[in-house]
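Shown next, in structure tokens, is the structure this report addresses.
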Amino acid sequence: MDNRTAMPLAVVVGSGIGGLTAAVALHRRGWRVTVLERAASLQPVGAGIGLAPNALRALDVIGLGDEIRALATWQGDGGMRTPGGRWLSRTDAQAAVDRFGDPLVPVHRATLIDALASRLPDGAVRTATRASLTDPGCPATGRRAVVTTPDGDIEADLVVGADGINSALRPALFPAHPRPAYAGFTTWRVVIPAPDRPFAPHETWGRGALWGTQPLKDGRVYAYAAAGAPAGVHAPDDERAELTRRFGTWHDPIPAILAAVAPDQVLRHDVHHLTTPLPAFHRGCTALLGDAAHPMAPTLGQGGNQAIEDGIVLAHHLSPHGDVGAGLAAYSAVRVPRTTGIVRKSARVARLLTLTSAPAVALRETVMTLSRFGPGLALRTFDGIADWRPPGHTYSDRAHQRDDA
């Protein structure tokens, strides 16, 4: 038996940000890794993502942090505004660096997916492959987990469920647990060429709605919006028209962005979250991560960031020749309380977003405005989140240098 066949096998179901992060981290740890993706390609469904300092430090573990930091675009002022353009609070990129040690880096999801996938061996990712969990395995008895695909069963020493908010692995492990519930609002996202006139990055809050505009390193703009709406409802014509009705009179550059968007460029998704946490993020030899484990509202921008943390922490606790059961128990013990707190905090912020009465919105704006008089007040929202650091040793020389700095 050669060294390759002696290496334990981890099967990751889902090739999103969390699944690929886990796959890369496990590969670097010494596992054989196979990623199963039901879509025909790795082209992600989505637009942009803001990578916070906690995720950048997690990516340091797999040698990717500085590559992503190089994509940072926010250099000057930014902050929160009213639909009429008045600034409620202002901050700048350096304030985040001073407080958390790193910037916020908006990137296109495809850029991050490509960077992660490039760090896996050829053939590790199998697209157009549907997978279901037949047996979660049992570390105590040595029974391996079994994943069923159209090409047959795969026995694995570890299965990682990274199959998103509509995960098939979550109910297979915890059939009696409640499903994610509708959070009360829907979201839209677009990525387009930047408008001619420069703008400061901003998030604008109105009655029961918000809009955000962030520049990307490649010259495009990532814009996102959210608004209270019944679940499952879509525009009677097209989603660009719906955005124009809701946001077309808001301050610049929002009208210019809407004018440049083609109807088929707009992504719309209802928001669901799981405010009742799972009892654990594993069962047997099978783990869950990201939206499969803890779907959250996007109001703190931490969904993808927490999935990256999950993947790094999972690999940290799973030596390729160690006790899988003990490693997964340690993973759950660390990740369940951390992500539960962030899910619930995101839900509280979501309730602020959905305020529609004039007195409540006026009070919210007053609180936001106070950040002008308390430097760093807005950033304090991310204390305990953005200042997170990955556990134990890392696998990149650059990460060692950062830890020693």
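Numbering starts fresh at 1 for the residues of each chain in the structure tokens, the chains themselves are lettered A, B, ... in the order given, and ligands are numbered from 1 as they appear.
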Contact table stretch 109-216 of chain A vs stretch 270-277 of chain A, cut-off 10 Å, shortest pair per residue, only C-alpha atoms, as JSON lines:
```
{"residue": "A:Ile165", "atom": "CA", "partner": "A:His272", "partner_atom": "CA", "distance": 8.0}
{"residue": "A:Asn166", "atom": "CA", "partner": "A:His272", "partner_atom": "CA", "distance": 9.9}
{"residue": "A:His177", "atom": "CA", "partner": "A:Thr276", "partner_atom": "CA", "distance": 8.5}
{"residue": "A:Pro178", "atom": "CA", "partner": "A:Thr276", "partner_atom": "CA", "distance": 7.5}
{"residue": "A:Arg179", "atom": "CA", "partner": "A:Leu274", "partner_atom": "CA", "distance": 7.0}
{"residue": "A:Pro180", "atom": "CA", "partner": "A:Leu274", "partner_atom": "CA", "distance": 4.5}
{"residue": "A:Ala181", "atom": "CA", "partner": "A:His272", "partner_atom": "CA", "distance": 5.1}
{"residue": "A:Tyr182", "atom": "CA", "partner": "A:His272", "partner_atom": "CA", "distance": 4.3}
{"residue": "A:Ala183", "atom": "CA", "partner": "A:His272", "partner_atom": "CA", "distance": 5.2}
{"residue": "A:Gly184", "atom": "CA", "partner": "A:Val271", "partner_atom": "CA", "distance": 7.3}
{"residue": "A:Phe185", "atom": "CA", "partner": "A:Val271", "partner_atom": "CA", "distance": 6.1}
{"residue": "A:Thr186", "atom": "CA", "partner": "A:Asp270", "partner_atom": "CA", "distance": 4.1}
{"residue": "A:Thr187", "atom": "CA", "partner": "A:Asp270", "partner_atom": "CA", "distance": 6.1}
{"residue": "A:Trp188", "atom": "CA", "partner": "A:Asp270", "partner_atom": "CA", "distance": 8.9}
```
Item to complete: Report the residues of stretch 66-214 of chain A whose backbone DSSP state falls under strand (DSSP E or B), written as a ChimeraX atom specification.
Response: /A:77-81,87-92,105-108,125-126,132-135,138,143,145-149,152-156,158-161,181-193,202-206,209-214
Discussion item. Env of A:Arg28: 9 Å cut, atoms = only C-alpha atoms, seq-sep filter 3 positions within chain, self excluded. Answer as a list in words.
Written reply: Ala23, Val24, Ala25, Trp31, Ile62, Ala315 and Tyr395 of chain A
Output C-alpha atoms for every residue in that selection, as an mmCIF file, in the first residue's frame.
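Generated file (again_26.cif):
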```
data_model
loop_
_atom_site.group_PDB
_atom_site.id
_atom_site.type_symbol
_atom_site.label_atom_id
_atom_site.label_comp_id
_atom_site.auth_asym_id
_atom_site.auth_seq_id
_atom_site.Cartn_x
_atom_site.Cartn_y
_atom_site.Cartn_z
ATOM 1 C CA ALA A 23 -11.231 20.946 1.523
ATOM 2 C CA VAL A 24 -8.059 23.025 1.156
ATOM 3 C CA ALA A 25 -7.391 23.038 4.908
ATOM 4 C CA TRP A 31 -6.180 14.195 4.136
ATOM 5 C CA ILE A 62 -4.058 28.097 4.107
ATOM 6 C CA ALA A 315 -9.302 20.920 9.848
ATOM 7 C CA TYR A 395 0.282 26.007 7.592
#
```
Fill in: Residue neighbourhood stretch 386-392 of chain A, 10 Å, only C-alpha atoms, exclusion window fewer than 6 positions, as a PyMOL selection string
chain A and resi 51-61+96+99-104+302+305+309-310+312-313+316-317+379-380+403
Selected residues written out with N, CA and C atoms, as a short mmCIF file (atom, residue, chain, number, x, y, z; two decimals), in the first residue's frame:
```cif
data_model
loop_
_atom_site.label_atom_id
_atom_site.label_comp_id
_atom_site.auth_asym_id
_atom_site.auth_seq_id
_atom_site.Cartn_x
_atom_site.Cartn_y
_atom_site.Cartn_z
N LEU A 51 -15.14 40.29 2.91
CA LEU A 51 -14.32 39.46 3.80
C LEU A 51 -13.80 40.32 4.93
N ALA A 52 -14.20 39.98 6.14
CA ALA A 52 -13.85 40.73 7.34
C ALA A 52 -12.51 40.25 7.89
N PRO A 53 -11.93 40.99 8.83
CA PRO A 53 -10.62 40.58 9.38
C PRO A 53 -10.57 39.17 9.91
N ASN A 54 -11.65 38.68 10.51
CA ASN A 54 -11.64 37.31 11.03
C ASN A 54 -11.47 36.30 9.90
N ALA A 55 -12.11 36.52 8.76
CA ALA A 55 -11.97 35.60 7.64
C ALA A 55 -10.59 35.71 7.00
N LEU A 56 -10.04 36.92 6.94
CA LEU A 56 -8.70 37.08 6.36
C LEU A 56 -7.67 36.31 7.18
N ARG A 57 -7.79 36.37 8.51
CA ARG A 57 -6.85 35.62 9.35
C ARG A 57 -7.06 34.11 9.19
N ALA A 58 -8.30 33.70 9.00
CA ALA A 58 -8.55 32.28 8.75
C ALA A 58 -7.90 31.85 7.43
N LEU A 59 -8.00 32.70 6.41
CA LEU A 59 -7.38 32.37 5.12
C LEU A 59 -5.87 32.37 5.19
N ASP A 60 -5.29 33.09 6.16
CA ASP A 60 -3.84 33.01 6.36
C ASP A 60 -3.40 31.57 6.63
N VAL A 61 -4.25 30.81 7.29
CA VAL A 61 -3.90 29.44 7.67
C VAL A 61 -3.59 28.59 6.44
N ALA A 96 -10.99 50.53 10.70
CA ALA A 96 -11.16 49.08 10.84
C ALA A 96 -9.82 48.39 11.05
N ARG A 99 -8.61 48.97 14.58
CA ARG A 99 -9.35 48.26 15.62
C ARG A 99 -9.16 46.74 15.55
N PHE A 100 -9.14 46.21 14.30
CA PHE A 100 -9.16 44.76 14.15
C PHE A 100 -7.90 44.19 13.49
N GLY A 101 -7.01 45.05 13.05
CA GLY A 101 -5.75 44.58 12.49
C GLY A 101 -5.78 44.28 11.01
N ASP A 102 -6.96 44.42 10.37
CA ASP A 102 -7.10 44.12 8.95
C ASP A 102 -8.26 44.92 8.39
N PRO A 103 -8.29 45.09 7.07
CA PRO A 103 -9.40 45.83 6.45
C PRO A 103 -10.59 44.92 6.17
N LEU A 104 -11.67 45.54 5.71
CA LEU A 104 -12.77 44.80 5.10
C LEU A 104 -12.51 44.77 3.60
N GLN A 302 -21.71 38.20 7.86
CA GLN A 302 -20.83 37.17 8.42
C GLN A 302 -21.10 35.75 7.92
N ASN A 305 -18.09 34.54 5.99
CA ASN A 305 -16.94 34.63 6.89
C ASN A 305 -16.95 33.52 7.92
N GLU A 309 -14.31 30.37 8.68
CA GLU A 309 -13.85 29.98 10.01
C GLU A 309 -14.13 28.50 10.27
N ASP A 310 -15.35 28.06 9.95
CA ASP A 310 -15.72 26.65 10.16
C ASP A 310 -14.71 25.72 9.51
N ILE A 312 -11.64 26.14 8.58
CA ILE A 312 -10.30 26.16 9.19
C ILE A 312 -10.31 25.46 10.54
N VAL A 313 -11.31 25.72 11.36
CA VAL A 313 -11.38 25.10 12.69
C VAL A 313 -11.60 23.59 12.57
N HIS A 316 -8.36 22.03 11.79
CA HIS A 316 -7.46 22.12 12.95
C HIS A 316 -7.67 20.97 13.91
N HIS A 317 -8.92 20.57 14.11
CA HIS A 317 -9.23 19.53 15.10
C HIS A 317 -9.17 18.12 14.53
N LEU A 379 -18.06 50.41 14.68
CA LEU A 379 -17.15 49.27 14.60
C LEU A 379 -17.27 48.35 15.81
N ARG A 380 -17.71 48.92 16.94
CA ARG A 380 -17.83 48.08 18.14
C ARG A 380 -18.85 46.97 17.97
N ASP A 403 1.54 36.08 13.04
CA ASP A 403 1.35 35.75 14.45
C ASP A 403 2.50 36.26 15.30
#
```
Determine which residues of stretch 55-176 of chain A DSSP labels as helix (DSSP H, G or I) from the backbone of this structure, then write them out as a short mmCIF file (atom, residue, chain, number, x, y, z; two decimals) with N, CA, C and O atoms, in the first residue's frame.
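The new file out-v9.cif reads:
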```cif
data_model
loop_
_atom_site.label_atom_id
_atom_site.label_comp_id
_atom_site.auth_asym_id
_atom_site.auth_seq_id
_atom_site.Cartn_x
_atom_site.Cartn_y
_atom_site.Cartn_z
N ALA A 55 -12.11 36.52 8.76
CA ALA A 55 -11.97 35.60 7.64
C ALA A 55 -10.59 35.71 7.00
O ALA A 55 -10.02 34.70 6.57
N LEU A 56 -10.04 36.92 6.94
CA LEU A 56 -8.70 37.08 6.36
C LEU A 56 -7.67 36.31 7.18
O LEU A 56 -6.78 35.65 6.62
N ARG A 57 -7.79 36.37 8.51
CA ARG A 57 -6.85 35.62 9.35
C ARG A 57 -7.06 34.11 9.19
O ARG A 57 -6.10 33.34 9.24
N ALA A 58 -8.30 33.70 9.00
CA ALA A 58 -8.55 32.28 8.75
C ALA A 58 -7.90 31.85 7.43
O ALA A 58 -7.29 30.78 7.35
N LEU A 59 -8.00 32.70 6.41
CA LEU A 59 -7.38 32.37 5.12
C LEU A 59 -5.87 32.37 5.19
O LEU A 59 -5.20 31.71 4.37
N ASP A 60 -5.29 33.09 6.16
CA ASP A 60 -3.84 33.01 6.36
C ASP A 60 -3.40 31.57 6.63
O ASP A 60 -2.29 31.17 6.25
N GLY A 65 -4.46 34.47 2.67
CA GLY A 65 -4.87 35.76 3.23
C GLY A 65 -4.32 36.96 2.49
O GLY A 65 -5.07 37.90 2.15
N ASP A 66 -3.03 36.97 2.21
CA ASP A 66 -2.44 38.15 1.57
C ASP A 66 -2.90 38.32 0.13
O ASP A 66 -2.99 39.45 -0.37
N GLU A 67 -3.18 37.22 -0.54
CA GLU A 67 -3.71 37.31 -1.91
C GLU A 67 -5.04 38.05 -1.91
O GLU A 67 -5.33 38.84 -2.81
N ILE A 68 -5.85 37.81 -0.90
CA ILE A 68 -7.15 38.48 -0.81
C ILE A 68 -6.97 39.91 -0.30
O ILE A 68 -7.65 40.83 -0.78
N ARG A 69 -6.07 40.14 0.65
CA ARG A 69 -5.84 41.51 1.13
C ARG A 69 -5.45 42.44 -0.01
O ARG A 69 -5.77 43.63 -0.01
N ALA A 93 -11.43 53.32 6.18
CA ALA A 93 -10.81 51.99 6.13
C ALA A 93 -9.78 51.81 7.24
O ALA A 93 -9.65 50.73 7.82
N GLN A 94 -9.05 52.88 7.54
CA GLN A 94 -7.99 52.76 8.52
C GLN A 94 -8.54 52.48 9.92
O GLN A 94 -7.89 51.82 10.73
N ALA A 95 -9.75 52.98 10.18
CA ALA A 95 -10.35 52.74 11.50
C ALA A 95 -10.57 51.25 11.73
O ALA A 95 -10.34 50.74 12.84
N ALA A 96 -10.99 50.53 10.70
CA ALA A 96 -11.16 49.08 10.84
C ALA A 96 -9.82 48.39 11.05
O ALA A 96 -9.70 47.47 11.86
N VAL A 97 -8.80 48.84 10.31
CA VAL A 97 -7.47 48.25 10.47
C VAL A 97 -6.95 48.51 11.87
O VAL A 97 -6.38 47.62 12.53
N ASP A 98 -7.13 49.74 12.36
CA ASP A 98 -6.64 50.07 13.70
C ASP A 98 -7.32 49.24 14.77
O ASP A 98 -6.69 48.84 15.76
N ARG A 99 -8.61 48.97 14.58
CA ARG A 99 -9.35 48.26 15.62
C ARG A 99 -9.16 46.74 15.55
O ARG A 99 -9.04 46.07 16.57
N PHE A 100 -9.14 46.21 14.30
CA PHE A 100 -9.16 44.76 14.15
C PHE A 100 -7.90 44.19 13.49
O PHE A 100 -7.77 42.98 13.36
N ARG A 109 -17.51 36.72 -5.47
CA ARG A 109 -17.45 35.34 -4.98
C ARG A 109 -16.66 34.43 -5.93
O ARG A 109 -15.96 33.52 -5.49
N ALA A 110 -16.79 34.67 -7.23
CA ALA A 110 -16.07 33.84 -8.19
C ALA A 110 -14.56 33.96 -8.00
O ALA A 110 -13.83 32.98 -8.17
N THR A 111 -14.09 35.15 -7.64
CA THR A 111 -12.65 35.34 -7.40
C THR A 111 -12.18 34.47 -6.25
O THR A 111 -11.12 33.82 -6.33
N LEU A 112 -12.94 34.45 -5.17
CA LEU A 112 -12.56 33.66 -4.01
C LEU A 112 -12.68 32.16 -4.30
O LEU A 112 -11.80 31.37 -3.92
N ILE A 113 -13.74 31.77 -4.98
CA ILE A 113 -13.92 30.35 -5.33
C ILE A 113 -12.74 29.87 -6.19
O ILE A 113 -12.18 28.79 -5.96
N ASP A 114 -12.37 30.67 -7.18
CA ASP A 114 -11.25 30.27 -8.05
C ASP A 114 -9.95 30.15 -7.25
O ASP A 114 -9.15 29.23 -7.48
N ALA A 115 -9.71 31.09 -6.34
CA ALA A 115 -8.48 31.06 -5.55
C ALA A 115 -8.43 29.82 -4.67
O ALA A 115 -7.37 29.17 -4.53
N LEU A 116 -9.55 29.45 -4.08
CA LEU A 116 -9.59 28.26 -3.23
C LEU A 116 -9.42 26.99 -4.06
O LEU A 116 -8.63 26.10 -3.72
N ALA A 117 -10.16 26.90 -5.16
CA ALA A 117 -10.10 25.69 -5.98
C ALA A 117 -8.71 25.45 -6.55
O ALA A 117 -8.29 24.30 -6.73
N LEU A 169 -27.96 17.17 3.99
CA LEU A 169 -27.27 16.45 5.06
C LEU A 169 -27.77 16.86 6.44
O LEU A 169 -27.78 16.05 7.36
N ARG A 170 -28.18 18.13 6.59
CA ARG A 170 -28.66 18.57 7.91
C ARG A 170 -29.84 17.73 8.39
O ARG A 170 -29.79 17.19 9.51
N PRO A 171 -30.93 17.60 7.62
CA PRO A 171 -32.04 16.76 8.11
C PRO A 171 -31.69 15.28 8.19
O PRO A 171 -32.31 14.53 8.95
N ALA A 172 -30.69 14.84 7.41
CA ALA A 172 -30.27 13.44 7.53
C ALA A 172 -29.62 13.18 8.89
O ALA A 172 -29.77 12.10 9.46
N LEU A 173 -28.92 14.19 9.42
CA LEU A 173 -28.28 14.05 10.73
C LEU A 173 -29.23 14.39 11.87
O LEU A 173 -29.17 13.75 12.93
#
```
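Ranking A:Thr340, A:Ser15, A:Thr249, A:Thr141 by their shortest atom-to-atom distance to A:Thr82, with only C-alpha atoms included, puts A:Thr249 first.
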Response to the item:
Closest of A:Ala256, A:Leu216, A:Ala229, A:Leu9 to A:His269, counting only C-alpha atoms, is A:Ala229
Spatial neighbours of A:Val361, max dist 9 Å, only C-alpha atoms, sep filter under 3 positions, as a short mmCIF file (atom, residue, chain, number, x, y, z; two decimals) with all heavy atoms, in the first residue's frame:
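Result file follows (part27.cif):
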```
data_model
loop_
_atom_site.label_atom_id
_atom_site.label_comp_id
_atom_site.auth_asym_id
_atom_site.auth_seq_id
_atom_site.Cartn_x
_atom_site.Cartn_y
_atom_site.Cartn_z
N GLY A 206 -33.39 52.94 4.88
CA GLY A 206 -34.66 53.64 4.80
C GLY A 206 -35.71 52.90 5.60
O GLY A 206 -35.40 52.09 6.48
N ARG A 207 -36.96 53.18 5.29
CA ARG A 207 -38.06 52.51 5.99
C ARG A 207 -38.19 51.08 5.49
O ARG A 207 -38.60 50.84 4.36
CB ARG A 207 -39.38 53.25 5.74
CG ARG A 207 -39.51 54.56 6.49
CD ARG A 207 -40.95 55.03 6.42
NE ARG A 207 -41.14 56.29 7.12
CZ ARG A 207 -42.33 56.85 7.33
NH1 ARG A 207 -43.42 56.24 6.89
NH2 ARG A 207 -42.43 57.99 7.96
N GLY A 208 -37.82 50.15 6.33
CA GLY A 208 -37.94 48.74 5.97
C GLY A 208 -37.10 48.33 4.78
O GLY A 208 -37.41 47.33 4.12
N LEU A 352 -34.03 45.61 13.15
CA LEU A 352 -33.87 47.05 12.93
C LEU A 352 -34.08 47.41 11.46
O LEU A 352 -34.67 48.44 11.14
CB LEU A 352 -32.46 47.50 13.35
CG LEU A 352 -32.14 47.45 14.84
CD1 LEU A 352 -30.68 47.84 15.07
CD2 LEU A 352 -33.06 48.39 15.62
N LEU A 355 -37.84 47.84 10.36
CA LEU A 355 -38.68 48.90 10.95
C LEU A 355 -39.27 49.77 9.85
O LEU A 355 -38.57 50.20 8.93
CB LEU A 355 -37.85 49.77 11.90
CG LEU A 355 -37.31 49.09 13.17
CD1 LEU A 355 -36.41 50.06 13.93
CD2 LEU A 355 -38.44 48.60 14.05
N THR A 356 -40.56 50.07 9.96
CA THR A 356 -41.22 50.90 8.95
C THR A 356 -41.93 52.13 9.52
O THR A 356 -42.18 53.08 8.79
CB THR A 356 -42.26 50.07 8.17
OG1 THR A 356 -43.20 49.50 9.09
CG2 THR A 356 -41.58 48.95 7.38
N SER A 357 -42.26 52.13 10.80
CA SER A 357 -42.97 53.29 11.35
C SER A 357 -42.03 54.48 11.46
O SER A 357 -40.83 54.34 11.76
CB SER A 357 -43.56 52.97 12.73
OG SER A 357 -42.54 52.90 13.71
N ALA A 358 -42.56 55.68 11.24
CA ALA A 358 -41.74 56.88 11.25
C ALA A 358 -41.04 57.10 12.59
O ALA A 358 -39.84 57.41 12.62
CB ALA A 358 -42.59 58.10 10.88
N ARG A 364 -34.04 55.03 15.27
CA ARG A 364 -32.91 54.27 14.73
C ARG A 364 -31.85 55.22 14.14
O ARG A 364 -30.65 55.05 14.35
CB ARG A 364 -33.41 53.30 13.66
CG ARG A 364 -32.33 52.38 13.09
CD ARG A 364 -32.89 51.55 11.96
NE ARG A 364 -33.19 52.36 10.79
CZ ARG A 364 -33.92 51.95 9.75
NH1 ARG A 364 -34.45 50.74 9.77
NH2 ARG A 364 -34.13 52.74 8.73
N GLU A 365 -32.29 56.23 13.39
CA GLU A 365 -31.36 57.18 12.79
C GLU A 365 -30.62 57.98 13.86
O GLU A 365 -29.43 58.29 13.71
CB GLU A 365 -32.09 58.11 11.84
CG GLU A 365 -32.59 57.40 10.58
CD GLU A 365 -33.27 58.36 9.61
OE1 GLU A 365 -33.42 59.56 9.96
OE2 GLU A 365 -33.67 57.91 8.52
N THR A 366 -31.33 58.30 14.94
CA THR A 366 -30.67 59.03 16.03
C THR A 366 -29.56 58.20 16.64
O THR A 366 -28.45 58.70 16.89
CB THR A 366 -31.71 59.40 17.11
OG1 THR A 366 -32.70 60.25 16.53
CG2 THR A 366 -31.04 60.12 18.27
#
```
Practice prompt. Using only C-alpha atoms, find the one residue out of A:Leu328, A:Leu258, A:Leu133, A:Leu353 that sits nearest to A:Thr299.
Written response: A:Leu353
Practice prompt. Rounded to one decimal place, report the atom CA of A:Pro201-atom CA of A:Met368 distance in Å.
Written response: 16.6 Å
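Distance check against A:Asp92 using only C-alpha atoms: of A:Arg32, A:His202, A:Gly248, A:Met296, the minimum falls on A:His202.
Taking only C-alpha atoms, the non-local environment of A:Arg38 within 12 Å (same-chain residues fewer than 4 positions away omitted) comprises Val12, Val13, Gly14, Ser15, Gly16, Leu42, Gln43, Pro44, Val125, Arg126, Thr127, Ala128, Thr129, Arg130, Ala131, Ser132, Thr149, Pro150, Ala162, Asp163 and Gly164 of chain A.
Distances to A:Val159 were evaluated for A:Arg220, A:His108, A:Arg246, A:Arg283 using only C-alpha atoms, and the minimum falls at A:Arg283.
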